[in-house]
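A.B. asks: Structure file coords-v7.cif (mmCIF, C-alpha atoms) is given on the next line.
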data_final
#
loop_
_atom_site.label_atom_id
_atom_site.label_comp_id
_atom_site.auth_asym_id
_atom_site.auth_seq_id
_atom_site.Cartn_x
_atom_site.Cartn_y
_atom_site.Cartn_z
CA MET A 1403 57.89 96.65 24.52
CA GLU A 1404 57.10 98.85 27.53
CA GLU A 1405 54.86 96.17 29.03
CA LEU A 1406 57.64 93.61 28.67
CA LEU A 1407 60.06 95.98 30.39
CA GLN A 1408 57.53 96.54 33.17
CA ASP A 1409 57.08 92.78 33.66
CA VAL A 1410 60.82 92.19 33.78
CA VAL A 1411 61.33 95.05 36.23
CA ASN A 1412 58.49 93.80 38.45
CA VAL A 1413 60.05 90.32 38.61
CA LEU A 1414 63.47 91.81 39.38
CA VAL A 1415 61.98 94.09 42.06
CA SER A 1416 60.28 91.09 43.69
CA ILE A 1417 63.50 89.06 43.67
CA VAL A 1418 65.65 91.88 45.08
CA GLU A 1419 63.06 92.77 47.74
CA ALA A 1420 62.77 89.10 48.74
CA CYS A 1421 66.56 88.97 49.14
CA GLY A 1422 66.47 92.10 51.34
CA ALA A 1423 63.60 90.74 53.43
CA ALA A 1424 65.41 87.41 53.84
CA VAL A 1425 68.56 89.16 55.06
CA ILE A 1426 66.57 91.24 57.58
CA ILE A 1427 64.59 88.22 58.82
CA ILE A 1428 67.71 86.06 59.23
CA GLY A 1429 69.52 88.88 61.05
CA ALA A 1430 66.59 89.63 63.35
CA VAL A 1431 65.95 85.97 64.25
CA TRP A 1432 69.67 85.39 64.86
CA ALA A 1433 69.89 88.55 66.99
CA PHE A 1434 66.80 87.57 69.01
CA ILE A 1435 68.26 84.14 69.77
CA ARG A 1436 71.61 85.71 70.72
CA PHE A 1437 69.90 88.38 72.89
CA VAL A 1438 68.03 85.68 74.81
CA TRP A 1439 71.19 83.57 75.10
CA VAL A 1440 73.34 86.48 76.29
CA GLY A 1441 70.59 87.72 78.63
CA LEU A 1442 70.16 84.35 80.29
CA ARG A 1443 73.78 83.19 80.34
CA ARG A 1444 76.16 86.13 80.55
CA ARG A 1445 74.04 89.06 81.86
CA ASP A 1446 76.85 91.41 80.89
CA THR A 1447 76.29 94.75 79.12
CA SER A 1448 79.37 94.39 76.93
CA ALA A 1449 78.11 91.02 75.67
CA PHE A 1450 75.10 92.73 74.05
CA VAL A 1451 77.20 95.12 71.96
CA PRO A 1452 78.57 92.60 69.40
CA VAL A 1453 75.03 91.24 68.89
CA ARG A 1454 73.69 94.75 68.27
CA LEU A 1455 76.56 95.46 65.88
CA THR A 1456 75.86 92.31 63.88
CA LEU A 1457 72.12 93.07 63.78
CA GLY A 1458 72.96 96.57 62.54
CA ARG A 1459 75.10 95.10 59.77
CA PHE A 1460 72.29 92.73 58.73
CA LEU A 1461 69.79 95.62 58.69
CA ALA A 1462 72.16 97.79 56.65
CA LEU A 1463 72.66 94.98 54.12
CA GLY A 1464 68.91 94.37 53.89
CA LEU A 1465 68.37 98.10 53.40
CA GLU A 1466 70.88 98.13 50.53
CA PHE A 1467 68.81 95.45 48.77
CA GLN A 1468 65.61 97.37 49.40
CA LEU A 1469 67.13 100.60 48.11
CA ALA A 1470 68.23 98.71 45.00
CA SER A 1471 64.64 97.60 44.48
CA ASP A 1472 63.51 101.24 44.89
CA VAL A 1473 65.94 102.28 42.18
CA LEU A 1474 64.63 99.48 39.94
CA ARG A 1475 61.06 100.65 40.47
CA THR A 1476 61.90 104.05 39.05
CA ALA A 1477 62.79 102.33 35.76
CA VAL A 1478 59.10 102.15 34.81
CA ALA A 1479 56.96 105.26 34.78
CA PRO A 1480 54.84 105.26 37.97
CA SER A 1481 51.88 107.49 38.88
CA PHE A 1482 52.40 110.53 41.13
CA ARG A 1483 50.89 108.67 44.11
CA GLU A 1484 53.26 105.75 43.64
CA LEU A 1485 56.13 108.16 43.14
CA GLY A 1486 55.31 109.89 46.44
CA GLN A 1487 55.24 106.58 48.31
CA LEU A 1488 58.46 105.52 46.64
CA ALA A 1489 60.15 108.78 47.63
CA ALA A 1490 58.97 108.42 51.25
CA VAL A 1491 60.14 104.80 51.51
CA ALA A 1492 63.46 105.58 49.84
CA ALA A 1493 63.97 108.56 52.17
CA ILE A 1494 63.29 106.43 55.27
CA ARG A 1495 65.61 103.70 54.05
CA THR A 1496 68.37 106.14 53.15
CA VAL A 1497 68.16 107.99 56.48
CA LEU A 1498 68.09 104.72 58.39
CA ASN A 1499 71.05 103.38 56.42
CA TYR A 1500 73.01 106.55 57.16
CA PHE A 1501 72.27 106.43 60.90
CA LEU A 1502 72.91 102.68 61.06
CA GLY A 1503 76.33 103.25 59.54
CA LYS A 1504 77.05 105.96 62.11
CA GLU A 1505 75.83 103.77 64.98
CA ILE A 1506 77.92 100.83 63.82
CA ALA A 1507 81.02 103.05 63.62
CA GLU A 1508 80.29 104.52 67.08
CA GLU A 1509 79.73 101.13 68.72
CA ARG A 1510 82.83 99.73 67.04
CA ARG A 1511 84.83 102.66 68.43
CA GLN A 1512 83.44 102.02 71.92
CA VAL A 1513 84.30 98.31 71.71
CA ALA A 1514 87.85 99.17 70.59
CA GLU A 1515 88.19 101.71 73.43
CA GLU A 1516 86.97 99.22 76.02
CA ALA A 1517 89.30 96.55 74.66
CA GLY A 1518 92.20 99.02 74.79
CA ARG A 1519 91.29 100.03 78.34
CA ALA A 1520 91.06 96.40 79.43
CA GLY A 1521 94.43 95.68 77.82
CA THR A 1522 96.02 98.66 79.57
CA ALA A 1523 94.51 97.76 82.94
CA GLY A 1524 95.43 94.09 82.67
CA GLY A 1525 98.88 94.33 81.13
CA SER A 1526 100.48 97.38 82.77
CA THR A 1527 102.80 97.20 85.70
CA PRO A 1528 103.40 99.98 88.24
CA ALA A 1529 106.71 100.67 86.53
CA ASP A 1530 105.20 101.63 83.18
CA ARG A 1531 102.28 103.68 84.52
CA PRO A 1532 102.70 107.46 84.13
CA VAL A 1533 103.89 109.24 87.26
CA ARG A 1534 101.44 111.91 88.43
CA PRO A 1535 102.86 115.10 89.91
CA ALA A 1536 101.97 115.55 93.56
CA MET B 4 54.47 86.06 44.14
CA THR B 5 53.91 89.72 45.06
CA GLY B 6 51.04 88.70 47.34
CA LEU B 7 53.29 86.27 49.17
CA LEU B 8 56.02 88.90 49.29
CA VAL B 9 53.64 91.30 51.02
CA ALA B 10 51.86 88.82 53.31
CA LEU B 11 54.83 86.84 54.63
CA PRO B 12 56.99 89.80 55.77
CA GLY B 13 53.86 91.33 57.36
CA ILE B 14 53.29 88.22 59.50
CA ILE B 15 56.98 87.94 60.36
CA ALA B 16 57.05 91.65 61.23
CA GLN B 17 54.27 91.08 63.79
CA LEU B 18 56.13 88.11 65.24
CA LEU B 19 59.30 90.21 65.39
CA SER B 20 57.47 92.97 67.27
CA GLY B 21 56.49 90.41 69.90
CA ALA B 22 60.04 89.07 69.96
CA ALA B 23 61.34 92.64 70.41
CA LEU B 24 59.11 93.13 73.44
CA LEU B 25 60.19 89.78 74.88
CA ALA B 26 63.89 90.47 74.32
CA GLY B 27 63.57 93.96 75.83
CA VAL B 28 61.80 92.68 78.95
CA LEU B 29 64.31 89.84 79.31
CA THR B 30 67.24 92.26 78.97
CA LEU B 31 65.71 94.58 81.57
CA ALA B 32 65.08 91.70 83.96
CA THR B 33 68.57 90.23 83.67
CA THR B 34 70.76 93.35 83.41
CA ARG B 35 68.51 95.93 85.19
CA LYS B 36 69.63 98.51 82.64
CA PRO B 37 66.65 100.28 81.04
CA ALA B 38 68.78 102.05 78.42
CA LEU B 39 70.21 98.78 77.16
CA ALA B 40 66.81 97.07 77.23
CA LEU B 41 65.31 99.97 75.27
CA SER B 42 68.09 99.75 72.67
CA VAL B 43 67.52 96.01 72.24
CA PHE B 44 63.76 96.58 71.96
CA LEU B 45 64.12 99.38 69.40
CA ASP B 46 66.73 97.47 67.35
CA LEU B 47 64.37 94.55 66.79
CA LEU B 48 61.42 96.91 66.34
CA THR B 49 63.34 98.66 63.56
CA ALA B 50 63.84 95.33 61.82
CA ALA B 51 60.07 94.73 62.07
CA GLY B 52 59.38 98.22 60.70
CA LEU B 53 61.70 97.60 57.74
CA LEU B 54 59.92 94.35 56.95
CA ARG B 55 56.61 96.23 56.82
CA LEU B 56 58.03 98.37 54.02
CA VAL B 57 58.59 95.34 51.76
CA GLY B 58 56.27 95.02 48.76
CA ASP B 59 53.67 97.72 48.28
CA PRO B 60 53.52 99.55 51.62
CA SER B 61 50.55 101.63 52.75
CA TRP B 62 50.98 105.20 54.04
CA GLN B 63 50.27 103.89 57.54
CA SER B 64 53.17 101.43 57.46
CA ILE B 65 55.43 104.11 55.99
CA THR B 66 54.46 106.50 58.80
CA THR B 67 54.93 103.76 61.42
CA ALA B 68 58.42 102.97 60.15
CA ALA B 69 59.34 106.67 60.05
CA VAL B 70 58.04 107.19 63.60
CA ILE B 71 60.03 104.19 64.88
CA VAL B 72 63.21 105.44 63.22
CA GLY B 73 62.65 108.97 64.57
CA LEU B 74 61.79 107.68 68.05
CA ARG B 75 64.86 105.48 68.06
CA HIS B 76 67.15 108.39 67.42
CA LEU B 77 65.29 110.75 69.75
CA ILE B 78 65.57 108.26 72.62
CA GLY B 79 69.21 107.54 71.78
CA PHE B 80 69.96 111.26 71.76
CA GLY B 81 68.14 111.73 75.07
CA LEU B 82 70.02 108.86 76.68
CA ARG B 83 73.38 110.20 75.46
CA ILE B 84 72.53 113.67 76.83
CA GLY B 85 71.51 112.08 80.13
CA ALA B 86 74.71 110.06 80.33
CA ARG B 87 76.76 113.19 79.56
CA THR B 88 74.94 115.09 82.32
CA TRP B 89 75.72 112.36 84.83
CA THR B 90 79.36 112.28 83.76
CA GLY B 91 79.63 116.06 83.84
CA SER B 92 78.11 116.39 87.32
CA ALA B 93 80.53 113.93 88.91
CA PRO B 94 81.99 115.47 92.08
CA GLY B 95 85.50 116.82 91.90
CA PRO B 96 88.34 115.84 94.22
CA GLY B 97 87.47 118.52 96.77
CA ARG B 98 83.71 117.92 96.82
CA ALA B 99 82.00 115.35 98.92
CA GLY B 100 79.12 113.28 97.54
CA PRO B 101 78.24 109.92 96.10
CA ARG B 102 79.83 108.80 92.82
CA SER B 103 77.60 109.29 89.76
CA GLY B 104 77.66 105.54 89.06
CA VAL B 105 76.28 104.88 92.54
CA VAL B 106 73.54 107.48 92.08
CA VAL B 107 72.57 106.13 88.65
CA ASP B 108 72.57 102.59 90.01
CA ARG B 109 70.36 103.70 92.92
CA LEU B 110 67.94 105.46 90.56
CA LEU B 111 67.73 102.66 88.02
CA ARG B 112 67.63 99.72 90.42
CA PRO B 113 64.06 98.71 91.27
CA ALA B 114 63.01 99.46 94.86
CA TRP B 115 62.43 95.79 95.66
CA ARG B 116 66.06 94.97 94.80
CA ARG B 117 67.62 97.51 97.19
#
Reformat the file's structure so that it appears as structure tokens.
C.D. replies:
Amino acid sequence: MEELLQDVVNVLVSIVEACGAAVIIIGAVWAFIRFVWVGLRRRDTSAFVPVRLTLGRFLALGLEFQLASDVLRTAVAPSFRELGQLAAVAAIRTVLNYFLGKEIAEERRQVAEEAGRAGTAGGSTPADRPVRPA
Amino acid sequence: MTGLLVALPGIIAQLLSGAALLAGVLTLATTRKPALALSVFLDLLTAAGLLRLVGDPSWQSITTAAVIVGLRHLIGFGLRIGARTWTGSAPGPGRAGPRSGVVVDRLLRPAWRR
């Protein structure tokens, strides 16, 4: 019974890890192509930000899959060595996921600020600008 | 299946590392902004590091991924501190001196482009 459970878990771990790897590969290849495109065509710093944001989202999604596979691995009783490796990998993935989330939120805030600033600069007239005291 | 799952991401991770270097150099050449180029380089390098953790990773690949993640945040922190210093040392209305943007541009622009 335990061997059957181990086999099933191994297959599930492989499938979930393959999904995570596929998401990361697709995101990285897409981001590389976009980086080259933006670098050659637009040469604008702000054009890189959406690409980095999307890559971050792909990496976060891939990490979620990989963390799920880590959780699945704990279903079968591993040795202490395997458990140590599993803990290290899960810690790296969790920390990275946390920081990726923070970075995505920060970059999104910057994009919104820049968009707001551009809207204010482009749409305001001298009449609706605040009057500074002399 | 597990063998393929370990071998294929490993090969793609190596290709991605090369692509990261290429994208970083291209970004530096076109925008002349080292901070941005470094971010692009480290973003793709992180993806490569994550791919190395797929399957049954060795302690070396675990350490490499951890170092990349740590380095990424250390450099990001350093760059933010640097940017804050430049912003904070901008001259006030009564002080004469070049604008911080001009100084940064002068420092970051290669000598042959001046």
A.B. asks: When you get a sec, could you note down which chain B residues fall within 8 Å of chain A, using all atoms listed in the file, as a list in words?
C.D. replies: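 That gives Met4, Thr5, Leu8, Pro12, Ile15, Leu19, Ala22, Ala23, Ala26, Leu29, Thr30, Thr33, Thr34, Leu39, Val43, Asp46, Leu47, Ala50, Leu53, Leu54, Leu56, Val57, Gly58, Pro60, Trp62, Ile65, Ala68, Ala69 and Val72 of chain B for chain B.
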A.B. asks: For the structure provided, state which residues fall under the PyMOL selection byres ((chain B and resi 40) around 7), and present them as a compact mmCIF listing (two decimals) with C-alpha atoms, in the coordinates of the input.
C.D. replies:
# COMPACT_ATOMS: atom_id res chain seq x y z
CA GLY B 27 63.57 93.96 75.83
CA VAL B 28 61.80 92.68 78.95
CA THR B 30 67.24 92.26 78.97
CA LEU B 31 65.71 94.58 81.57
CA LYS B 36 69.63 98.51 82.64
CA PRO B 37 66.65 100.28 81.04
CA ALA B 38 68.78 102.05 78.42
CA LEU B 39 70.21 98.78 77.16
CA LEU B 41 65.31 99.97 75.27
CA SER B 42 68.09 99.75 72.67
CA VAL B 43 67.52 96.01 72.24
CA PHE B 44 63.76 96.58 71.96
A.B. asks: Separation of CA of Ala1489 in chain A and CA of Ile1428 in chain A, in Å?
C.D. replies: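 About the pair CA of Ala1489 in chain A and CA of Ile1428 in chain A: they are 26.6 Å apart.
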A.B. asks: Given the file above and the PyMOL selection byres ((chain A and resi 1473-1479) around 8), which residues are selected, and can you give them as a compact mmCIF listing (two decimals) with C-alpha atoms, in the frame of the given file?
C.D. replies:
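Result saved to selection_1.txt:
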# COMPACT_ATOMS: atom_id res chain seq x y z
CA LEU A 1407 60.06 95.98 30.39
CA GLN A 1408 57.53 96.54 33.17
CA VAL A 1411 61.33 95.05 36.23
CA ASN A 1412 58.49 93.80 38.45
CA LEU A 1414 63.47 91.81 39.38
CA VAL A 1415 61.98 94.09 42.06
CA LEU A 1469 67.13 100.60 48.11
CA ALA A 1470 68.23 98.71 45.00
CA SER A 1471 64.64 97.60 44.48
CA ASP A 1472 63.51 101.24 44.89
CA PRO A 1480 54.84 105.26 37.97
CA SER A 1481 51.88 107.49 38.88
A.B. asks: Have a look at CA of Asp1409 in chain A and CA of Ala1462 in chain A and let me know their distance in Å, one decimal.
C.D. replies: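 Interatomic distance here is 27.9 Å.
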A.B. asks: Just to confirm, what's the straight-line distance from CA of Ala32 in chain B to CA of Ala1517 in chain A in Å (one decimal)?
C.D. replies: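 Between CA of Ala32 in chain B and CA of Ala1517 in chain A the gap is 26.4 Å.
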A.B. asks: With 4 Å of padding per side, what axis-aligned box (centre and edge lengths, Å, one decimal) covers all the listed atoms of range 1415-1422 of chain A? Give it as JSON.
C.D. replies:
{"center_x": 63.4, "center_y": 91.5, "center_z": 46.7, "size_x": 14.3, "size_y": 13.1, "size_z": 17.3}
